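Note: the block below is start-v4.cif and it holds mmCIF, C-alpha atoms.
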```cif
data_entry
loop_
_atom_site.label_atom_id
_atom_site.label_comp_id
_atom_site.auth_asym_id
_atom_site.auth_seq_id
_atom_site.Cartn_x
_atom_site.Cartn_y
_atom_site.Cartn_z
CA MET U 1 0.60 32.81 -19.78
CA THR U 2 -2.23 33.54 -22.19
CA LYS U 3 -5.09 31.37 -23.38
CA GLY U 4 -3.16 30.28 -26.44
CA ASP U 5 0.06 29.32 -24.68
CA GLU U 6 1.08 25.70 -25.08
CA ILE U 7 1.95 23.58 -22.05
CA MET U 8 4.55 20.98 -23.01
CA LEU U 9 3.43 18.55 -20.34
CA LEU U 10 1.80 15.15 -20.73
CA GLN U 11 -1.96 15.55 -20.95
CA VAL U 12 -4.03 13.54 -18.50
CA LYS U 13 -7.49 14.57 -19.70
CA ASP U 14 -8.95 17.80 -21.10
CA ASN U 15 -7.21 20.70 -19.33
CA VAL U 16 -5.40 18.49 -16.79
CA PHE U 17 -1.67 17.78 -17.16
CA TYR U 18 0.91 15.57 -15.46
CA THR U 19 3.55 17.37 -13.38
CA GLY U 20 4.84 14.36 -11.45
CA ILE U 21 8.18 12.60 -11.30
CA ARG U 22 8.62 9.01 -12.46
CA ASP U 23 11.32 7.32 -10.43
CA TRP U 24 12.53 4.38 -12.51
CA GLU U 25 15.42 3.57 -10.15
CA LEU U 26 13.53 3.35 -6.85
CA ARG U 27 13.83 -0.07 -5.23
CA MET U 28 12.87 0.62 -1.60
CA PHE U 29 10.23 2.90 -0.07
CA HIS U 30 9.27 4.10 3.43
CA GLY U 31 12.96 3.93 4.27
CA HIS U 32 13.75 0.27 3.59
CA GLU U 33 10.36 -1.13 4.58
CA LEU U 34 8.76 -1.72 1.17
CA SER U 35 10.27 -3.15 -2.00
CA THR U 36 9.55 -1.37 -5.29
CA PHE U 37 11.05 -3.61 -7.95
CA ASN U 38 9.20 -1.77 -10.73
CA GLY U 39 10.10 1.72 -9.54
CA SER U 40 7.41 4.21 -8.56
CA SER U 41 6.18 7.71 -9.27
CA TYR U 42 5.27 10.81 -7.29
CA ASN U 43 2.23 12.02 -9.15
CA SER U 44 1.39 15.70 -9.26
CA TYR U 45 -1.21 17.27 -11.53
CA LEU U 46 -1.93 20.71 -12.99
CA ILE U 47 -5.45 21.93 -13.78
CA ARG U 48 -5.63 24.84 -16.19
CA ASP U 49 -9.04 26.50 -15.77
CA GLU U 50 -9.80 30.14 -14.98
CA LYS U 51 -7.61 29.36 -11.99
CA THR U 52 -4.49 27.25 -12.40
CA VAL U 53 -4.40 24.61 -9.67
CA LEU U 54 -1.53 22.33 -8.69
CA ILE U 55 -2.55 19.03 -7.07
CA ASP U 56 0.26 17.91 -4.72
CA THR U 57 4.03 18.20 -5.14
CA VAL U 58 6.77 15.53 -5.17
CA TRP U 59 9.39 14.02 -2.86
CA SER U 60 12.11 16.50 -1.89
CA PRO U 61 15.05 14.70 -3.60
CA HIS U 62 13.30 15.60 -6.87
CA SER U 63 12.48 19.20 -5.95
CA GLU U 64 14.97 20.76 -8.33
CA THR U 65 13.62 18.87 -11.34
CA PHE U 66 10.04 19.53 -10.26
CA LEU U 67 10.55 23.28 -9.83
CA HIS U 68 12.43 23.56 -13.12
CA MET U 69 9.51 21.89 -14.92
CA LEU U 70 6.95 24.17 -13.28
CA GLU U 71 8.98 27.28 -14.00
CA HIS U 72 9.52 26.52 -17.67
CA GLU U 73 6.28 24.74 -18.56
CA VAL U 74 3.81 26.62 -16.38
CA GLY U 75 5.41 29.67 -14.82
CA PHE U 76 5.33 30.09 -11.03
CA ALA U 77 3.33 33.30 -11.26
CA HIS U 78 0.46 31.50 -13.02
CA ILE U 79 -0.19 29.05 -10.18
CA ASP U 80 -3.23 30.28 -8.22
CA MET U 81 -3.76 27.44 -5.76
CA ILE U 82 -2.04 24.34 -4.40
CA VAL U 83 -4.16 21.43 -3.20
CA VAL U 84 -2.31 19.25 -0.69
CA ASN U 85 -4.22 15.98 -0.43
CA HIS U 86 -1.63 14.53 1.94
CA ASN U 87 1.61 15.93 3.30
CA GLU U 88 3.75 12.81 3.69
CA PRO U 89 7.20 13.77 2.33
CA ASP U 90 6.83 11.73 -0.87
CA HIS U 91 3.89 14.01 -1.78
CA GLY U 92 4.52 17.26 0.08
CA GLY U 93 8.29 17.25 0.26
CA SER U 94 8.73 19.98 -2.37
CA LEU U 95 6.11 22.28 -0.91
CA ALA U 96 8.53 24.51 0.99
CA ALA U 97 10.80 24.94 -2.04
CA LEU U 98 7.79 25.86 -4.18
CA MET U 99 6.42 28.27 -1.59
CA GLU U 100 9.71 30.15 -1.66
CA LYS U 101 8.84 30.99 -5.27
CA ILE U 102 5.15 31.80 -4.67
CA PRO U 103 4.79 32.61 -0.94
CA ASN U 104 1.33 34.17 -1.25
CA VAL U 105 -0.41 31.33 -3.08
CA GLU U 106 -3.33 29.66 -1.29
CA ILE U 107 -2.87 26.14 0.08
CA VAL U 108 -6.02 24.00 0.23
CA CYS U 109 -5.89 21.04 2.61
CA SER U 110 -7.74 19.33 5.44
CA LYS U 111 -7.64 20.79 8.95
CA LYS U 112 -5.25 18.03 10.00
CA GLY U 113 -3.29 18.82 6.84
CA GLU U 114 -2.69 22.37 8.00
CA ASP U 115 -1.54 21.10 11.40
CA ILE U 116 0.91 18.64 9.82
CA ILE U 117 2.22 21.15 7.26
CA ARG U 118 2.90 23.65 10.04
CA LYS U 119 4.79 20.98 12.01
CA HIS U 120 6.74 19.71 9.01
CA PHE U 121 7.82 23.15 7.88
CA GLN U 122 8.16 24.83 11.29
CA ASN U 123 4.99 26.92 11.31
CA PRO U 124 5.38 28.78 8.01
CA ASP U 125 3.57 32.04 7.33
CA TRP U 126 1.47 30.65 4.48
CA LYS U 127 -2.17 31.12 3.52
CA PHE U 128 -4.29 28.06 4.29
CA ARG U 129 -7.85 27.18 3.32
CA THR U 130 -9.10 24.07 5.09
CA VAL U 131 -11.83 21.86 3.64
CA LYS U 132 -13.89 18.82 4.64
CA THR U 133 -16.07 16.25 2.85
CA GLY U 134 -18.53 17.89 0.51
CA ASP U 135 -16.86 21.31 0.41
CA ARG U 136 -16.55 22.81 -3.07
CA ILE U 137 -14.28 25.42 -4.64
CA SER U 138 -15.04 26.92 -8.05
CA ILE U 139 -11.99 27.25 -10.29
CA GLY U 140 -13.89 28.43 -13.39
CA LYS U 141 -15.80 25.97 -15.53
CA SER U 142 -15.07 23.22 -13.02
CA GLU U 143 -15.44 22.80 -9.29
CA LEU U 144 -13.20 20.93 -6.89
CA VAL U 145 -15.09 18.70 -4.44
CA PHE U 146 -13.27 17.32 -1.40
CA VAL U 147 -13.60 13.96 0.38
CA ASP U 148 -12.03 13.42 3.81
CA MET U 149 -9.94 10.22 3.98
CA THR U 150 -8.64 10.49 7.55
CA MET U 151 -6.20 7.66 8.44
CA ILE U 152 -6.04 6.27 4.90
CA HIS U 153 -3.29 6.28 5.71
CA TRP U 154 -2.42 9.56 7.54
CA PRO U 155 -4.67 11.84 9.61
CA ASP U 156 -4.54 14.55 6.92
CA SER U 157 -5.46 12.42 3.91
CA MET U 158 -8.20 13.54 1.53
CA MET U 159 -9.29 13.13 -2.08
CA THR U 160 -10.11 15.87 -4.58
CA TYR U 161 -12.73 15.46 -7.30
CA MET U 162 -12.87 17.71 -10.36
CA THR U 163 -16.28 18.25 -11.97
CA GLY U 164 -16.61 18.51 -15.74
CA SER U 165 -13.67 16.24 -16.47
CA ASN U 166 -14.90 13.90 -13.69
CA ILE U 167 -11.45 13.12 -12.35
CA LEU U 168 -10.85 11.75 -8.85
CA PHE U 169 -7.41 12.74 -7.53
CA SER U 170 -7.33 9.91 -5.02
CA ASN U 171 -3.97 10.43 -3.33
CA ASP U 172 -2.58 7.21 -1.79
CA ALA U 173 -5.77 5.25 -2.39
CA PHE U 174 -5.90 3.19 -5.61
CA GLY U 175 -2.17 3.61 -6.34
CA GLN U 176 0.76 1.29 -6.93
CA HIS U 177 4.53 1.52 -6.71
CA PHE U 178 5.03 1.10 -10.43
CA CYS U 179 6.67 2.93 -13.32
CA GLY U 180 5.15 1.98 -16.64
CA SER U 181 5.76 2.85 -20.27
CA SER U 182 2.58 4.96 -20.14
CA LEU U 183 0.76 7.05 -17.56
CA PHE U 184 -2.35 4.89 -17.99
CA ALA U 185 -3.13 1.39 -16.73
CA ASP U 186 -4.86 0.40 -19.98
CA GLU U 187 -1.66 1.04 -21.97
CA VAL U 188 0.69 -1.17 -19.94
CA ASP U 189 0.80 -4.80 -18.80
CA GLU U 190 -2.15 -4.83 -16.43
CA SER U 191 -1.08 -8.11 -14.84
CA ILE U 192 1.86 -6.20 -13.35
CA VAL U 193 -0.37 -3.27 -12.39
CA TRP U 194 -2.79 -5.51 -10.47
CA ALA U 195 0.09 -7.35 -8.75
CA GLU U 196 1.56 -4.04 -7.66
CA ALA U 197 -1.85 -2.68 -6.64
CA ILE U 198 -2.55 -5.54 -4.22
CA LYS U 199 1.04 -5.41 -2.93
CA TYR U 200 0.54 -1.68 -2.26
CA PHE U 201 -2.75 -2.35 -0.47
CA ALA U 202 -1.30 -5.20 1.59
CA GLY U 203 1.87 -3.33 2.52
CA ILE U 204 0.46 0.12 3.29
CA LEU U 205 -3.31 0.11 3.65
CA ALA U 206 -4.22 -3.30 5.12
CA PRO U 207 -4.17 -2.04 8.75
CA PHE U 208 -6.91 0.43 7.83
CA THR U 209 -9.37 -1.93 6.14
CA PRO U 210 -12.35 -1.11 8.44
CA LEU U 211 -11.93 2.57 7.56
CA ILE U 212 -11.41 1.78 3.89
CA LYS U 213 -14.69 -0.16 3.75
CA ARG U 214 -16.56 2.84 5.11
CA LYS U 215 -14.75 5.37 2.94
CA VAL U 216 -15.20 3.40 -0.28
CA ALA U 217 -18.93 3.24 0.49
CA GLU U 218 -18.90 6.98 1.21
CA VAL U 219 -17.20 7.79 -2.11
CA ILE U 220 -19.72 5.64 -3.99
CA ALA U 221 -22.62 7.25 -2.09
CA LEU U 222 -21.59 10.72 -3.30
CA GLY U 223 -22.83 9.64 -6.73
CA LEU U 224 -20.12 11.56 -8.55
CA PRO U 225 -19.43 10.29 -12.08
CA VAL U 226 -15.81 9.14 -12.28
CA GLU U 227 -14.15 8.95 -15.70
CA LEU U 228 -10.56 8.81 -14.46
CA ILE U 229 -8.85 8.02 -11.16
CA ALA U 230 -5.50 9.77 -10.71
CA PRO U 231 -3.61 8.37 -7.67
CA SER U 232 -0.39 9.72 -6.19
CA HIS U 233 1.71 6.69 -7.14
CA GLY U 234 1.76 4.58 -10.26
CA VAL U 235 -0.46 4.55 -13.33
CA LEU U 236 -3.85 6.21 -13.74
CA TRP U 237 -7.14 4.32 -14.07
CA ARG U 238 -8.82 5.51 -17.26
CA LYS U 239 -10.57 2.45 -18.72
CA ASP U 240 -13.47 1.45 -16.44
CA PRO U 241 -11.80 3.30 -13.54
CA LEU U 242 -14.19 2.13 -10.83
CA ARG U 243 -12.86 -1.42 -11.12
CA ILE U 244 -10.03 -0.48 -8.75
CA VAL U 245 -12.63 0.91 -6.32
CA SER U 246 -14.46 -2.42 -6.50
CA LYS U 247 -11.20 -4.25 -5.84
CA TYR U 248 -10.55 -2.12 -2.76
CA ALA U 249 -14.02 -3.00 -1.48
CA GLU U 250 -13.18 -6.69 -2.03
CA TRP U 251 -9.69 -6.48 -0.48
CA ALA U 252 -11.06 -4.65 2.57
CA ASP U 253 -13.66 -7.38 3.23
CA ASP U 254 -11.66 -10.11 5.07
CA TYR U 255 -9.96 -11.00 1.79
CA ASP U 256 -8.23 -14.29 1.05
CA GLU U 257 -7.62 -16.52 -1.98
CA GLY U 258 -7.85 -19.81 -0.12
CA TYR U 259 -4.21 -20.87 -0.12
CA VAL U 260 -1.60 -21.28 2.63
CA THR U 261 1.70 -19.47 3.08
CA ILE U 262 4.42 -21.22 5.08
CA ALA U 263 7.21 -18.94 6.28
CA TYR U 264 10.22 -20.39 8.07
CA ASP U 265 13.86 -19.85 8.93
CA THR U 266 16.34 -22.64 9.46
CA MET U 267 19.89 -23.14 10.76
CA TYR U 268 20.87 -26.63 9.59
CA GLN U 269 17.89 -27.45 7.32
CA ALA U 270 15.85 -29.37 9.91
CA THR U 271 13.14 -26.70 10.00
CA ARG U 272 13.21 -26.51 6.19
CA LYS U 273 12.53 -30.25 5.98
CA MET U 274 9.61 -29.83 8.38
CA ALA U 275 8.23 -26.94 6.29
CA GLU U 276 8.40 -29.01 3.12
CA ALA U 277 6.65 -31.96 4.82
CA ILE U 278 3.88 -29.70 6.12
CA GLY U 279 3.48 -28.22 2.64
CA HIS U 280 3.30 -31.69 1.14
CA GLY U 281 0.51 -32.61 3.54
CA ILE U 282 -1.43 -29.46 2.61
CA GLU U 283 -1.15 -30.26 -1.09
CA LEU U 284 -2.25 -33.87 -0.52
CA GLU U 285 -5.58 -32.40 0.64
CA GLY U 286 -5.95 -30.38 -2.54
CA VAL U 287 -5.12 -26.99 -0.99
CA GLN U 288 -2.49 -24.78 -2.61
CA MET U 289 0.50 -23.54 -0.63
CA LYS U 290 3.66 -21.42 -0.96
CA LEU U 291 6.95 -21.69 0.93
CA PHE U 292 9.16 -18.77 1.95
CA ASN U 293 12.51 -18.78 3.72
CA THR U 294 12.18 -15.57 5.73
CA ALA U 295 15.94 -15.01 5.83
CA LEU U 296 16.11 -14.96 2.03
CA CYS U 297 12.78 -13.69 0.72
CA ASP U 298 11.55 -10.16 0.15
CA GLN U 299 9.49 -9.10 3.17
CA SER U 300 7.02 -6.98 1.16
CA ASP U 301 6.25 -9.91 -1.13
CA LEU U 302 5.86 -12.17 1.92
CA MET U 303 3.36 -9.79 3.53
CA THR U 304 1.42 -9.65 0.27
CA ASP U 305 1.13 -13.43 0.27
CA PHE U 306 0.07 -13.40 3.92
CA PHE U 307 -2.65 -10.93 2.97
CA ARG U 308 -3.80 -13.13 0.08
CA SER U 309 -3.69 -16.36 2.11
CA LYS U 310 -6.30 -18.05 4.24
CA GLY U 311 -3.68 -19.87 6.30
CA ILE U 312 -0.39 -18.62 7.75
CA ILE U 313 2.11 -21.12 9.14
CA LEU U 314 5.35 -20.00 10.82
CA GLY U 315 8.39 -22.11 11.68
CA SER U 316 11.75 -21.46 13.32
CA SER U 317 14.66 -23.22 14.89
CA THR U 318 15.18 -22.35 18.55
CA VAL U 319 18.21 -20.16 19.26
CA ASN U 320 19.07 -18.48 22.56
CA ASN U 321 15.74 -19.68 23.96
CA GLY U 322 13.92 -17.79 21.23
CA LEU U 323 13.43 -17.33 17.49
CA LEU U 324 15.73 -16.83 14.57
CA ARG U 325 15.79 -13.08 14.03
CA SER U 326 13.98 -13.02 10.68
CA LEU U 327 10.88 -14.57 12.28
CA ALA U 328 10.88 -11.95 15.03
CA GLY U 329 10.56 -9.29 12.33
CA VAL U 330 7.81 -11.24 10.59
CA LEU U 331 5.77 -11.43 13.81
CA ASP U 332 6.16 -7.70 14.29
CA GLU U 333 4.93 -7.07 10.73
CA LEU U 334 1.94 -9.35 11.28
CA ARG U 335 0.96 -7.53 14.45
CA GLY U 336 1.13 -4.20 12.66
CA HIS U 337 -0.85 -5.27 9.61
CA LYS U 338 -3.86 -6.48 11.61
CA LEU U 339 -4.90 -9.09 9.04
CA LYS U 340 -8.42 -10.42 9.43
CA ASN U 341 -10.06 -13.84 9.09
CA LYS U 342 -6.82 -15.87 8.91
CA ILE U 343 -5.92 -19.16 10.59
CA GLY U 344 -2.49 -20.44 11.51
CA PHE U 345 -0.19 -22.69 13.45
CA ALA U 346 3.51 -22.95 14.34
CA PHE U 347 6.32 -25.47 14.12
CA GLY U 348 10.06 -25.74 14.58
CA SER U 349 13.11 -27.80 15.39
CA TYR U 350 15.31 -27.59 18.47
CA GLY U 351 18.18 -29.24 20.30
CA TRP U 352 17.41 -28.97 23.99
CA SER U 353 14.98 -26.19 24.98
CA GLY U 354 12.49 -25.76 22.11
CA GLU U 355 10.87 -22.36 22.81
CA ALA U 356 10.53 -21.15 19.20
CA PRO U 357 7.25 -22.89 18.21
CA LYS U 358 5.51 -21.73 21.40
CA THR U 359 6.75 -18.17 20.85
CA LEU U 360 5.48 -18.25 17.27
CA TRP U 361 2.12 -19.60 18.44
CA ARG U 362 1.74 -16.74 20.93
CA GLY U 363 2.86 -14.25 18.28
CA LEU U 364 0.24 -15.48 15.83
CA GLU U 365 -2.47 -15.10 18.44
CA GLU U 366 -1.26 -11.58 19.31
CA ALA U 367 -1.48 -10.71 15.61
CA GLY U 368 -5.14 -11.77 15.52
CA ILE U 369 -4.51 -15.04 13.68
CA LYS U 370 -6.76 -17.89 14.84
CA VAL U 371 -4.42 -20.77 15.83
CA VAL U 372 -6.12 -24.07 15.03
CA LEU U 373 -3.43 -26.68 15.79
CA GLU U 374 -0.91 -27.33 18.53
CA PRO U 375 2.73 -26.63 17.55
CA VAL U 376 4.62 -29.37 15.76
CA THR U 377 8.22 -29.93 16.88
CA ALA U 378 11.22 -32.06 15.98
CA ARG U 379 14.45 -32.53 17.95
CA TYR U 380 17.72 -32.23 16.04
CA THR U 381 17.29 -33.91 12.63
CA PRO U 382 13.61 -34.80 12.12
CA SER U 383 13.02 -38.54 11.95
CA ALA U 384 10.72 -40.29 9.49
CA GLU U 385 8.06 -40.39 12.21
CA GLU U 386 8.44 -36.65 12.91
CA LEU U 387 8.22 -35.81 9.21
CA LYS U 388 5.07 -37.92 8.99
CA ALA U 389 3.68 -35.90 11.91
CA CYS U 390 4.45 -32.76 9.90
CA ARG U 391 2.61 -34.13 6.86
CA ASP U 392 -0.33 -35.10 9.06
CA ALA U 393 -0.38 -31.60 10.54
CA GLY U 394 -0.37 -30.17 7.03
CA ARG U 395 -3.33 -32.33 6.08
CA ALA U 396 -5.21 -31.36 9.23
CA PHE U 397 -4.51 -27.69 8.64
CA ALA U 398 -5.72 -27.92 5.04
CA LYS U 399 -9.02 -29.32 6.30
CA HIS U 400 -9.35 -26.31 8.60
CA VAL U 401 -8.68 -24.02 5.61
CA ARG U 402 -11.53 -25.63 3.67
CA GLU U 403 -13.91 -25.64 6.63
CA GLU U 404 -13.20 -22.00 7.54
CA LYS U 405 -14.19 -20.95 4.03
CA LEU U 406 -17.63 -22.60 4.25
#
```
Would you put the structure from the file into structure tokens?
Amino acid sequence: MTKGDEIMLLQVKDNVFYTGIRDWELRMFHGHELSTFNGSSYNSYLIRDEKTVLIDTVWSPHSETFLHMLEHEVGFAHIDMIVVNHNEPDHGGSLAALMEKIPNVEIVCSKKGEDIIRKHFQNPDWKFRTVKTGDRISIGKSELVFVDMTMIHWPDSMMTYMTGSNILFSNDAFGQHFCGSSLFADEVDESIVWAEAIKYFAGILAPFTPLIKRKVAEVIALGLPVELIAPSHGVLWRKDPLRIVSKYAEWADDYDEGYVTIAYDTMYQATRKMAEAIGHGIELEGVQMKLFNTALCDQSDLMTDFFRSKGIILGSSTVNNGLLRSLAGVLDELRGHKLKNKIGFAFGSYGWSGEAPKTLWRGLEEAGIKVVLEPVTARYTPSAEELKACRDAGRAFAKHVREEKL
């Protein structure tokens, strides 16, 4: 490749090009844990300076397409360095296939990154250069500056900043599972982008909010001018790019939007009737609420609403002295997500034993949710008096929601 050769890749900015894969058909991610109704992308970038640098690869099912693109649009022999910001398979899955083509190229990663790459690929004989926060590598007119992002959300995670063009290759931070008609957030429907951005944060990064608060402050403290943020999933932030950084600071700070999410499962509609009565009571106090049947709803969307809510209410019929199975999964998700500054309570119907509401109550407490009311129960079909008790509980809970926000 000579100076005048044309690269037929989408231009990101200046001498930076897009070498990622846009997966329009993807509907589930992390196995079947996360829903991706708008597809996603595995973003990889090429910097063409005195050295040609590849930032990350793509998920292994797309290796053949990825390698074909690099071979024909760049040329394997012209790649001088590969920066691996994070080696989770959706980013580093094609690394081994690429290294078969260029086995002597230098891999730049964190120290933990080298450890994980060696484990993933069975201790390959590759050349590694490990970096930490503040380290710099000159690639010609520009320098690459590295920022450690340990446990956001893997031990090896880091960001790479490119001087001159002032681009932050942010890896999993600031991304979304979203395929748009453009590479850039300002050229697509941003209402969808923001919805997917908070869903991504709630589903993947919420357990790490204390770390995120510190790391966002650390990135800002570096004082590096940022003209574009290029994450590893979704669209790129080009217009006022630091607004997504500000949102992360907000989302990581005990975030809620003041409403209540009620999640229930039901066998013969008794628990559903209770849920609706509780919701009615909440609305009578002027507090907004949403209802989800956990057996029917999308779990990723439910967790996003939990993250956005001030109040979380769970209800289940009692079966086999326990919960309906969908609520057991919800409790497990709540424990794992470690949501902060939320309040809750539990309810449910039963025939003879009635353990479900107590189990839900304990589960909420184990998940770090502050339980503010005793469980509300109804036996068999809820009576008018029992439904009134549900409405009263909803009203009482709404008052707690308002008071907790003071």
Worksheet item: Which residues come within 7 Å of Ser44 in chain U, counting all atoms listed in the file, excluding same-chain residues fewer than 2 positions away, as a PyMOL selection string?
Response: chain U and resi 18-20+42+55-58+232
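Closest approach to Glu385 in chain U from the set U:Met274, U:Leu331, U:Val372, U:Val131 is made by U:Met274, with distances taken over only C-alpha atoms.
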Worksheet entry | Selected residue, from U:Gly134, U:Pro155, U:Gly348, U:Gly180, that lies nearest to Glu114 in chain U when counting all atoms listed in the file | U:Pro155
Item to complete: Carefully work through the PyMOL selection byres ((chain U and resi 48) around 10) for this structure and note down the residues it includes, as a PyMOL selection string.
Response: chain U and resi 3+7+14-17+45-47+49-54+74+78-80+139-140
Discussion item. (-1.3, -25.0, 9.3) in this file's frame - what residues fall within 12 Å of it? Use all atoms listed in the file and give the answer as a PyMOL selection string.
Written reply: chain U and resi 259-263+274-275+277-283+287-290+309-315+342-347+361+364+369-376+390-402
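For the file shown, the residue list from the PyMOL selection byres ((chain U and resi 150) around 12) reads Asn85, His86, Cys109, Ser110, Lys111, Lys112, Gly113, Lys132, Thr133, Val147, Asp148, Met149, Met151, Ile152, His153, Trp154, Pro155, Asp156, Ser157, Met158, Met159, Asn171, Asp172, Ala173, Phe208, Leu211, Ile212, Arg214 and Lys215 of chain U.
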Item to complete: Could you tell me which residues the PyMOL selection byres ((chain U and resi 292-307) around 8) grabs in this file, written as an MDAnalysis selection string?
Response: chainID U and resid 33:35 198:199 202:203 255:256 261:266 290:291 308:312 326:327 330 333:334 339
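The interatomic distance for the pair CA of Phe37 in chain U and CA of His62 in chain U works out to 19.4 Å.
All residues of protein, DNA or RNA that reach within 12 Å of Glu355 in chain U, judged by only C-alpha atoms and not counting those fewer than 4 positions away in the chain, are Gly315, Ser316, Ser317, Thr318, Val319, Asn320, Asn321, Gly322, Leu323, Leu324, Ala346, Phe347, Gly348, Ser349, Tyr350, Gly351, Thr359, Leu360, Trp361, Arg362, Pro375, Val376, Thr377, Ala378 and Arg379 of chain U.
Checking U:Ala252, U:Ala270, U:Ile167, U:Cys179 one by one against Val226 in chain U, counting only C-alpha atoms, you find the shortest gap at U:Ile167.
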Practice prompt. Considering all atoms listed in the file, return as a PyMOL selection string whatever protein or nucleic-acid residues lie within 6 Å of Leu228 in chain U, sequence-local ones (same chain, fewer than 6 positions apart) excluded.
Written response: chain U and resi 167+237-238+241
Worksheet item: U:Ile117, U:His233, U:Gly164, U:Phe178: which is nearest Asp90 in chain U, counting all atoms listed in the file?
Response: U:His233
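Picture a line from CA of Ala185 in chain U to CA of Phe29 in chain U; it runs 21.4 Å.
Reported to one decimal place, the separation of CA of Thr163 in chain U from CA of Ser142 in chain U is 5.2 Å.
Residue nearest Tyr380 in chain U within the list U:Tyr268, U:His337, U:Glu187, U:Gly368: U:Tyr268 [criterion: smallest interatomic distance, all atoms listed in the file].
The closest residue to Phe174 in chain U, picked from U:Ile220, U:Ala249, U:Ala328, U:Leu98 and counting only C-alpha atoms, is U:Ala249.
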